[in-house]
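J.: Sharing a structure here in C-alpha coordinates format.
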Amino acid sequence: VSRRLTWRQREVVALLAEGLNAPDIAVRLHIAESTATAHIKAVLQRLDARTRAHAVALAVMSGQLILPDQHLEETP
Amino acid sequence: MSGYTGAAGRLTRRQARILALVRDGRNVPDIAVRLRLSLEVVADEVTTINARIDARRALRQVSRPTSVLLSTREQQVLEAVAEGLTAEQIGRRLHLSRETVRSHVKTLRQKLGAADRAHAVTLGFRAGVLQ
(Lines give C-alpha, C1' and ligand atoms only; values in the text may rest on other atoms or scores of the structure.)
Protein backbone atom coordinates (compact mmCIF):
# COMPACT_ATOMS: atom_id res chain seq x y z
CA VAL A 1 0.00 0.00 0.00
CA SER A 2 1.44 3.35 -1.06
CA ARG A 3 1.62 5.97 1.64
CA ARG A 4 2.31 8.70 -0.93
CA LEU A 5 -0.33 11.37 -1.06
CA THR A 6 -1.59 12.92 -4.27
CA TRP A 7 -1.03 16.61 -4.81
CA ARG A 8 -4.63 17.36 -3.78
CA GLN A 9 -4.30 15.21 -0.68
CA ARG A 10 -1.14 17.09 0.28
CA GLU A 11 -3.01 20.35 0.00
CA VAL A 12 -5.73 18.95 2.23
CA VAL A 13 -3.33 17.65 4.88
CA ALA A 14 -1.52 21.01 4.85
CA LEU A 15 -4.81 22.73 5.60
CA LEU A 16 -5.66 20.20 8.34
CA ALA A 17 -2.26 21.02 9.82
CA GLU A 18 -3.33 24.65 9.96
CA GLY A 19 -6.33 23.77 12.07
CA LEU A 20 -8.93 23.95 9.31
CA ASN A 21 -11.93 21.65 9.43
CA ALA A 22 -13.90 20.22 6.48
CA PRO A 23 -16.15 23.29 5.96
CA ASP A 24 -13.07 25.61 6.14
CA ILE A 25 -11.20 23.42 3.64
CA ALA A 26 -14.19 23.39 1.29
CA VAL A 27 -14.22 27.20 1.26
CA ARG A 28 -10.46 27.48 0.84
CA LEU A 29 -10.30 25.00 -2.05
CA HIS A 30 -13.61 26.06 -3.65
CA ILE A 31 -15.07 22.59 -3.40
CA ALA A 32 -18.18 21.10 -1.79
CA GLU A 33 -18.01 20.20 1.88
CA SER A 34 -18.76 16.58 1.02
CA THR A 35 -15.80 16.60 -1.37
CA ALA A 36 -13.55 18.04 1.35
CA THR A 37 -14.73 15.32 3.71
CA ALA A 38 -13.99 12.69 1.06
CA HIS A 39 -10.47 14.09 0.58
CA ILE A 40 -9.85 14.01 4.34
CA LYS A 41 -11.06 10.43 4.49
CA ALA A 42 -8.76 9.50 1.60
CA VAL A 43 -5.80 11.18 3.34
CA LEU A 44 -6.45 9.21 6.54
CA GLN A 45 -6.76 5.96 4.60
CA ARG A 46 -3.65 6.60 2.52
CA LEU A 47 -1.55 7.38 5.58
CA ASP A 48 -3.23 4.68 7.67
CA ALA A 49 -4.04 7.37 10.23
CA ARG A 50 -6.50 6.99 13.08
CA THR A 51 -7.29 10.70 13.43
CA ARG A 52 -6.64 13.98 11.60
CA ALA A 53 -4.00 14.86 14.22
CA HIS A 54 -2.36 11.50 13.51
CA ALA A 55 -2.48 12.19 9.76
CA VAL A 56 -0.69 15.50 10.25
CA ALA A 57 2.04 13.83 12.33
CA LEU A 58 2.48 11.04 9.75
CA ALA A 59 2.62 13.54 6.86
CA VAL A 60 5.32 15.54 8.66
CA MET A 61 7.32 12.46 9.60
CA SER A 62 7.16 11.04 6.07
CA GLY A 63 8.39 14.33 4.61
CA GLN A 64 5.15 15.00 2.75
CA LEU A 65 4.36 18.08 4.79
CA ILE A 66 7.18 20.47 5.48
CA LEU A 67 7.02 23.02 8.25
CA PRO A 68 9.65 25.82 8.26
CA ASP A 69 11.18 25.15 11.66
CA GLN A 70 11.06 21.42 11.42
CA HIS A 71 12.75 21.69 8.03
CA LEU A 72 15.52 23.85 9.45
CA GLU A 73 16.30 21.35 12.19
CA GLU A 74 17.50 19.00 9.47
CA THR A 75 19.97 21.54 8.08
CA PRO A 76 23.51 20.85 9.29
CA MET B 1 15.79 42.32 5.86
CA SER B 2 18.48 44.22 7.77
CA GLY B 3 21.63 42.21 8.35
CA TYR B 4 20.88 39.79 5.54
CA THR B 5 21.41 41.98 2.53
CA GLY B 6 24.78 40.42 1.74
CA ALA B 7 23.45 36.90 1.92
CA ALA B 8 20.17 37.78 0.26
CA GLY B 9 22.16 39.09 -2.70
CA ARG B 10 22.87 35.51 -3.61
CA LEU B 11 19.20 34.58 -3.68
CA THR B 12 16.93 34.75 -6.68
CA ARG B 13 14.03 37.16 -6.52
CA ARG B 14 11.62 34.32 -5.82
CA GLN B 15 13.82 32.94 -3.03
CA ALA B 16 14.04 36.39 -1.46
CA ARG B 17 10.23 36.66 -1.49
CA ILE B 18 9.90 33.24 0.08
CA LEU B 19 12.46 34.10 2.76
CA ALA B 20 10.63 37.33 3.55
CA LEU B 21 7.35 35.40 3.97
CA VAL B 22 8.94 32.74 6.16
CA ARG B 23 10.43 35.45 8.33
CA ASP B 24 6.98 36.93 8.49
CA GLY B 25 5.81 33.73 10.18
CA ARG B 26 4.19 32.13 7.11
CA ASN B 27 4.54 28.41 6.62
CA VAL B 28 5.16 26.49 3.42
CA PRO B 29 1.49 25.85 2.48
CA ASP B 30 0.65 29.51 3.08
CA ILE B 31 3.54 30.68 0.93
CA ALA B 32 2.60 28.22 -1.81
CA VAL B 33 -0.93 29.63 -1.95
CA ARG B 34 0.27 33.22 -1.81
CA LEU B 35 2.89 32.92 -4.54
CA ARG B 36 0.80 30.45 -6.57
CA LEU B 37 3.51 27.82 -6.43
CA SER B 38 3.29 24.13 -5.62
CA LEU B 39 4.23 22.90 -2.14
CA GLU B 40 7.14 21.01 -3.71
CA VAL B 41 8.57 24.12 -5.37
CA VAL B 42 8.33 26.14 -2.16
CA ALA B 43 9.87 23.30 -0.13
CA ASP B 44 12.71 23.01 -2.67
CA GLU B 45 13.30 26.74 -2.54
CA VAL B 46 13.41 26.65 1.26
CA THR B 47 16.06 23.94 1.00
CA THR B 48 18.07 26.09 -1.41
CA ILE B 49 17.69 29.15 0.78
CA ASN B 50 18.92 27.16 3.77
CA ALA B 51 21.88 25.92 1.79
CA ARG B 52 22.84 29.39 0.60
CA ILE B 53 22.53 31.49 3.68
CA ASP B 54 22.60 31.00 7.36
CA ALA B 55 18.91 31.68 7.64
CA ARG B 56 18.51 29.55 10.70
CA ARG B 57 18.97 32.33 13.20
CA ALA B 58 16.73 34.69 11.24
CA LEU B 59 13.94 32.16 10.77
CA ARG B 60 13.98 30.80 14.29
CA GLN B 61 13.63 34.30 15.66
CA VAL B 62 10.48 34.89 13.71
CA SER B 63 8.67 31.57 13.52
CA ARG B 64 9.38 30.02 16.90
CA PRO B 65 6.57 30.65 19.35
CA THR B 66 7.71 32.92 22.16
CA SER B 67 6.73 31.03 25.27
CA VAL B 68 5.69 27.49 24.65
CA LEU B 69 6.20 25.70 27.89
CA LEU B 70 4.20 22.55 28.11
CA SER B 71 4.21 20.55 31.30
CA THR B 72 5.56 17.00 31.11
CA ARG B 73 1.99 15.68 31.21
CA GLU B 74 0.86 18.01 28.44
CA GLN B 75 3.83 16.90 26.35
CA GLN B 76 2.98 13.23 26.90
CA VAL B 77 -0.64 13.91 25.97
CA LEU B 78 0.40 15.79 22.81
CA GLU B 79 2.65 12.90 21.78
CA ALA B 80 -0.26 10.51 22.23
CA VAL B 81 -2.57 12.82 20.24
CA ALA B 82 0.02 12.77 17.43
CA GLU B 83 -0.16 8.97 17.52
CA GLY B 84 -3.88 9.16 16.90
CA LEU B 85 -5.02 7.94 20.31
CA THR B 86 -8.42 8.88 21.75
CA ALA B 87 -8.81 10.57 25.14
CA GLU B 88 -9.82 7.23 26.59
CA GLN B 89 -6.76 5.44 25.19
CA ILE B 90 -4.47 8.24 26.38
CA GLY B 91 -6.05 7.98 29.81
CA ARG B 92 -5.29 4.28 29.97
CA ARG B 93 -1.69 4.84 28.90
CA LEU B 94 -1.01 7.64 31.35
CA HIS B 95 -3.31 6.41 34.14
CA LEU B 96 -5.55 9.46 33.93
CA SER B 97 -9.30 9.85 33.59
CA ARG B 98 -10.72 10.74 30.21
CA GLU B 99 -11.80 14.10 31.60
CA THR B 100 -8.29 14.87 32.87
CA VAL B 101 -6.89 14.03 29.44
CA ARG B 102 -9.42 16.37 27.83
CA SER B 103 -8.42 19.08 30.27
CA HIS B 104 -4.74 18.60 29.37
CA VAL B 105 -5.61 18.76 25.66
CA LYS B 106 -7.51 21.98 26.21
CA THR B 107 -4.65 23.57 28.14
CA LEU B 108 -1.97 22.54 25.66
CA ARG B 109 -4.10 23.80 22.78
CA GLN B 110 -4.44 27.15 24.52
CA LYS B 111 -0.72 27.32 25.30
CA LEU B 112 0.19 26.54 21.69
CA GLY B 113 -2.55 28.74 20.27
CA ALA B 114 -3.97 25.79 18.34
CA ALA B 115 -7.42 25.71 16.79
CA ASP B 116 -7.75 21.95 17.20
CA ARG B 117 -5.71 18.82 17.89
CA ALA B 118 -4.33 18.54 14.35
CA HIS B 119 -3.16 22.15 14.58
CA ALA B 120 -1.63 21.42 18.00
CA VAL B 121 0.43 18.65 16.39
CA THR B 122 1.70 21.11 13.75
CA LEU B 123 2.63 23.70 16.35
CA GLY B 124 4.22 20.98 18.48
CA PHE B 125 6.52 20.08 15.60
CA ARG B 126 7.31 23.72 14.91
CA ALA B 127 8.09 24.38 18.55
CA GLY B 128 10.30 21.29 18.75
CA VAL B 129 8.03 19.58 21.30
CA LEU B 130 7.38 16.80 18.77
CA GLN B 131 10.02 15.28 16.52
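Letters A, B, ... go to the chains of the C-alpha coordinates in the order shown; residues in each chain start at 1; ligands are counted from 1 in the same order.
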Give me the residues within 12 Å of Ser62 of chain A as a PDB file with all heavy atoms, in the first residue's frame, counting only C-alpha atoms and dropping any in the same chain fewer than 4 places off.
T.:
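Saved the output as result07.pdb:
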```
ATOM      1  N   SER A   2       0.642   2.129  -0.969  1.00  0.00           N
ATOM      2  CA  SER A   2       1.438   3.348  -1.064  1.00  0.00           C
ATOM      3  C   SER A   2       0.986   4.364  -0.029  1.00  0.00           C
ATOM      4  O   SER A   2      -0.194   4.596   0.149  1.00  0.00           O
ATOM      5  CB  SER A   2       1.289   3.950  -2.457  1.00  0.00           C
ATOM      6  OG  SER A   2       1.812   5.255  -2.470  1.00  0.00           O
ATOM      7  N   ARG A   3       1.944   4.930   0.660  1.00  0.00           N
ATOM      8  CA  ARG A   3       1.618   5.967   1.638  1.00  0.00           C
ATOM      9  C   ARG A   3       1.813   7.359   1.033  1.00  0.00           C
ATOM     10  O   ARG A   3       1.728   8.349   1.730  1.00  0.00           O
ATOM     11  CB  ARG A   3       2.533   5.811   2.868  1.00  0.00           C
ATOM     12  CG  ARG A   3       2.341   4.491   3.594  1.00  0.00           C
ATOM     13  CD  ARG A   3       1.474   4.674   4.827  1.00  0.00           C
ATOM     14  NE  ARG A   3       1.108   3.396   5.391  1.00  0.00           N
ATOM     15  CZ  ARG A   3       1.576   2.945   6.561  1.00  0.00           C
ATOM     16  NH1 ARG A   3       2.424   3.677   7.252  1.00  0.00           N
ATOM     17  NH2 ARG A   3       1.200   1.798   7.029  1.00  0.00           N
ATOM     18  N   ARG A   4       2.113   7.405  -0.274  1.00  0.00           N
ATOM     19  CA  ARG A   4       2.309   8.695  -0.925  1.00  0.00           C
ATOM     20  C   ARG A   4       0.960   9.353  -1.163  1.00  0.00           C
ATOM     21  O   ARG A   4       0.022   8.717  -1.629  1.00  0.00           O
ATOM     22  CB  ARG A   4       3.033   8.533  -2.274  1.00  0.00           C
ATOM     23  CG  ARG A   4       4.393   7.881  -2.212  1.00  0.00           C
ATOM     24  CD  ARG A   4       5.357   8.607  -1.332  1.00  0.00           C
ATOM     25  NE  ARG A   4       5.708   9.939  -1.841  1.00  0.00           N
ATOM     26  CZ  ARG A   4       6.475  10.800  -1.162  1.00  0.00           C
ATOM     27  NH1 ARG A   4       6.938  10.492   0.021  1.00  0.00           N
ATOM     28  NH2 ARG A   4       6.762  11.970  -1.668  1.00  0.00           N
ATOM     29  N   LEU A   5       0.901  10.623  -0.844  1.00  0.00           N
ATOM     30  CA  LEU A   5      -0.334  11.373  -1.057  1.00  0.00           C
ATOM     31  C   LEU A   5      -0.315  12.007  -2.439  1.00  0.00           C
ATOM     32  O   LEU A   5       0.755  12.337  -2.954  1.00  0.00           O
ATOM     33  CB  LEU A   5      -0.466  12.471  -0.004  1.00  0.00           C
ATOM     34  CG  LEU A   5      -0.540  12.035   1.462  1.00  0.00           C
ATOM     35  CD1 LEU A   5      -0.562  13.253   2.376  1.00  0.00           C
ATOM     36  CD2 LEU A   5      -1.773  11.171   1.702  1.00  0.00           C
ATOM     37  N   ARG A  10      -2.144  16.311  -0.450  1.00  0.00           N
ATOM     38  CA  ARG A  10      -1.135  17.089   0.281  1.00  0.00           C
ATOM     39  C   ARG A  10      -1.658  18.470   0.638  1.00  0.00           C
ATOM     40  O   ARG A  10      -1.394  18.977   1.722  1.00  0.00           O
ATOM     41  CB  ARG A  10       0.141  17.247  -0.555  1.00  0.00           C
ATOM     42  CG  ARG A  10       0.988  16.004  -0.564  1.00  0.00           C
ATOM     43  CD  ARG A  10       2.297  16.280  -1.258  1.00  0.00           C
ATOM     44  NE  ARG A  10       3.006  15.045  -1.466  1.00  0.00           N
ATOM     45  CZ  ARG A  10       4.329  14.959  -1.535  1.00  0.00           C
ATOM     46  NH1 ARG A  10       5.071  16.042  -1.445  1.00  0.00           N
ATOM     47  NH2 ARG A  10       4.911  13.801  -1.707  1.00  0.00           N
ATOM     48  N   LEU A  47      -2.621   7.335   4.578  1.00  0.00           N
ATOM     49  CA  LEU A  47      -1.553   7.385   5.585  1.00  0.00           C
ATOM     50  C   LEU A  47      -1.740   6.339   6.686  1.00  0.00           C
ATOM     51  O   LEU A  47      -0.892   6.203   7.550  1.00  0.00           O
ATOM     52  CB  LEU A  47      -1.478   8.783   6.206  1.00  0.00           C
ATOM     53  CG  LEU A  47      -1.032   9.927   5.286  1.00  0.00           C
ATOM     54  CD1 LEU A  47      -1.186  11.264   6.002  1.00  0.00           C
ATOM     55  CD2 LEU A  47       0.412   9.736   4.833  1.00  0.00           C
ATOM     56  N   ALA A  55      -2.814  12.004  11.180  1.00  0.00           N
ATOM     57  CA  ALA A  55      -2.477  12.188   9.760  1.00  0.00           C
ATOM     58  C   ALA A  55      -1.449  13.303   9.587  1.00  0.00           C
ATOM     59  O   ALA A  55      -0.500  13.173   8.811  1.00  0.00           O
ATOM     60  CB  ALA A  55      -3.735  12.507   8.952  1.00  0.00           C
ATOM     61  N   VAL A  56      -1.632  14.384  10.333  1.00  0.00           N
ATOM     62  CA  VAL A  56      -0.686  15.504  10.254  1.00  0.00           C
ATOM     63  C   VAL A  56       0.704  15.032  10.695  1.00  0.00           C
ATOM     64  O   VAL A  56       1.713  15.286  10.021  1.00  0.00           O
ATOM     65  CB  VAL A  56      -1.163  16.700  11.115  1.00  0.00           C
ATOM     66  CG1 VAL A  56      -0.065  17.745  11.264  1.00  0.00           C
ATOM     67  CG2 VAL A  56      -2.414  17.327  10.496  1.00  0.00           C
ATOM     68  N   ALA A  57       0.752  14.321  11.814  1.00  0.00           N
ATOM     69  CA  ALA A  57       2.040  13.828  12.328  1.00  0.00           C
ATOM     70  C   ALA A  57       2.701  12.907  11.312  1.00  0.00           C
ATOM     71  O   ALA A  57       3.906  13.026  11.039  1.00  0.00           O
ATOM     72  CB  ALA A  57       1.834  13.104  13.658  1.00  0.00           C
ATOM     73  N   LEU A  58       1.928  11.988  10.708  1.00  0.00           N
ATOM     74  CA  LEU A  58       2.484  11.042   9.747  1.00  0.00           C
ATOM     75  C   LEU A  58       2.963  11.761   8.475  1.00  0.00           C
ATOM     76  O   LEU A  58       3.991  11.400   7.907  1.00  0.00           O
ATOM     77  CB  LEU A  58       1.450   9.963   9.392  1.00  0.00           C
ATOM     78  CG  LEU A  58       1.093   8.999  10.538  1.00  0.00           C
ATOM     79  CD1 LEU A  58      -0.092   8.118  10.135  1.00  0.00           C
ATOM     80  CD2 LEU A  58       2.288   8.134  10.925  1.00  0.00           C
ATOM     81  N   ILE A  66       5.986  19.832   4.947  1.00  0.00           N
ATOM     82  CA  ILE A  66       7.185  20.466   5.484  1.00  0.00           C
ATOM     83  C   ILE A  66       6.829  21.753   6.201  1.00  0.00           C
ATOM     84  O   ILE A  66       6.144  22.613   5.663  1.00  0.00           O
ATOM     85  CB  ILE A  66       8.206  20.707   4.357  1.00  0.00           C
ATOM     86  CG1 ILE A  66       8.690  19.356   3.838  1.00  0.00           C
ATOM     87  CG2 ILE A  66       9.387  21.530   4.860  1.00  0.00           C
ATOM     88  CD1 ILE A  66       9.343  19.404   2.499  1.00  0.00           C
TER      89      ILE A  66
ATOM     90  N   GLN B 131       8.941  15.451  17.500  1.00  0.00           N
ATOM     91  CA  GLN B 131      10.024  15.279  16.523  1.00  0.00           C
ATOM     92  C   GLN B 131       9.670  14.224  15.495  1.00  0.00           C
ATOM     93  O   GLN B 131       9.028  13.260  15.826  1.00  0.00           O
ATOM     94  CB  GLN B 131      11.313  14.885  17.216  1.00  0.00           C
ATOM     95  CG  GLN B 131      12.029  16.124  17.764  1.00  0.00           C
ATOM     96  CD  GLN B 131      13.002  15.774  18.849  1.00  0.00           C
ATOM     97  OE1 GLN B 131      13.361  14.626  19.019  1.00  0.00           O
ATOM     98  NE2 GLN B 131      13.396  16.771  19.611  1.00  0.00           N
TER      99      GLN B 131
END
```
J.: Using only C-alpha atoms, which protein or nucleic acid residues come within 10 Å of segment 39-41 of chain A? Drop anything in the same chain fewer than 5 positions from it, and give the result as an mmCIF file with N, CA and C atoms, in the first residue's frame.
T.:
```cif
data_model
loop_
_atom_site.group_PDB
_atom_site.id
_atom_site.type_symbol
_atom_site.label_atom_id
_atom_site.label_comp_id
_atom_site.auth_asym_id
_atom_site.auth_seq_id
_atom_site.Cartn_x
_atom_site.Cartn_y
_atom_site.Cartn_z
ATOM 1 N N ARG A 8 -3.430 16.832 -4.437
ATOM 2 C CA ARG A 8 -4.629 17.355 -3.784
ATOM 3 C C ARG A 8 -4.679 16.949 -2.313
ATOM 4 N N GLN A 9 -4.290 15.700 -2.062
ATOM 5 C CA GLN A 9 -4.296 15.206 -0.680
ATOM 6 C C GLN A 9 -3.264 15.949 0.168
ATOM 7 N N ARG A 10 -2.144 16.311 -0.450
ATOM 8 C CA ARG A 10 -1.135 17.089 0.281
ATOM 9 C C ARG A 10 -1.658 18.470 0.638
ATOM 10 N N GLU A 11 -2.400 19.039 -0.290
ATOM 11 C CA GLU A 11 -3.014 20.349 -0.003
ATOM 12 C C GLU A 11 -3.955 20.225 1.188
ATOM 13 N N VAL A 12 -4.747 19.151 1.166
ATOM 14 C CA VAL A 12 -5.729 18.951 2.230
ATOM 15 C C VAL A 12 -5.044 18.727 3.576
ATOM 16 N N VAL A 13 -4.008 17.915 3.606
ATOM 17 C CA VAL A 13 -3.332 17.647 4.877
ATOM 18 C C VAL A 13 -2.622 18.917 5.378
ATOM 19 N N LEU A 16 -5.340 20.827 7.046
ATOM 20 C CA LEU A 16 -5.662 20.203 8.336
ATOM 21 C C LEU A 16 -4.619 20.622 9.370
ATOM 22 N N ASN A 21 -11.054 22.821 9.454
ATOM 23 C CA ASN A 21 -11.928 21.649 9.429
ATOM 24 C C ASN A 21 -12.531 21.512 8.013
ATOM 25 N N ALA A 22 -13.381 20.502 7.822
ATOM 26 C CA ALA A 22 -13.905 20.220 6.485
ATOM 27 C C ALA A 22 -14.618 21.436 5.850
ATOM 28 N N ILE A 25 -11.976 23.921 4.782
ATOM 29 C CA ILE A 25 -11.197 23.422 3.642
ATOM 30 C C ILE A 25 -12.015 23.553 2.353
ATOM 31 N N GLU A 33 -18.413 20.728 0.584
ATOM 32 C CA GLU A 33 -18.010 20.203 1.882
ATOM 33 C C GLU A 33 -17.899 18.676 1.848
ATOM 34 N N SER A 34 -18.804 18.053 1.108
ATOM 35 C CA SER A 34 -18.757 16.582 1.022
ATOM 36 C C SER A 34 -17.487 16.120 0.303
ATOM 37 N N ARG A 46 -4.935 6.719 3.189
ATOM 38 C CA ARG A 46 -3.647 6.600 2.515
ATOM 39 C C ARG A 46 -2.499 6.532 3.518
ATOM 40 N N ALA A 49 -3.953 6.546 9.030
ATOM 41 C CA ALA A 49 -4.043 7.370 10.231
ATOM 42 C C ALA A 49 -5.360 7.144 10.961
ATOM 43 N N THR A 51 -6.619 9.411 13.258
ATOM 44 C CA THR A 51 -7.295 10.700 13.428
ATOM 45 C C THR A 51 -6.632 11.726 12.505
ATOM 46 N N ARG A 52 -7.243 12.908 12.408
ATOM 47 C CA ARG A 52 -6.643 13.976 11.602
ATOM 48 C C ARG A 52 -5.309 14.422 12.204
ATOM 49 N N ALA A 55 -2.814 12.004 11.180
ATOM 50 C CA ALA A 55 -2.477 12.188 9.760
ATOM 51 C C ALA A 55 -1.449 13.303 9.587
#
```
J.: Determine which residues of chain A sit within 6 Å of chain B, taking into account only C-alpha atoms, and present them as a PyMOL selection string.
T.: chain A and resi 17-19+50-54+57+68-70
J.: Of the residues A:Val43, A:Ala36, A:Ala59, A:Leu67, which is the one nearest to Leu20 of chain A, using only C-alpha atoms?
T.: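 That would be A:Ala36, the residue with the smallest distance to Leu20 of chain A.
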J.: Between atom CA of Ala42 of chain A and atom CA of Thr6 of chain A, measure the distance and give it in Å to one decimal.
T.: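 Between atom CA of Ala42 of chain A and atom CA of Thr6 of chain A the gap works out to 9.9 Å.
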J.: Quick one: residues within 9 Å of Thr48 of chain B, only C-alpha atoms, excluding same-chain residues fewer than 4 positions away - as a ChimeraX atom specification?
T.: /B:11,15,43-44,52-53
J.: DSSP says alpha helix (DSSP H) for which residues of chain A? Put them as number ranges by chain?
T.: A: 7-17, 22-29, 33-47, 52-61, 68-73
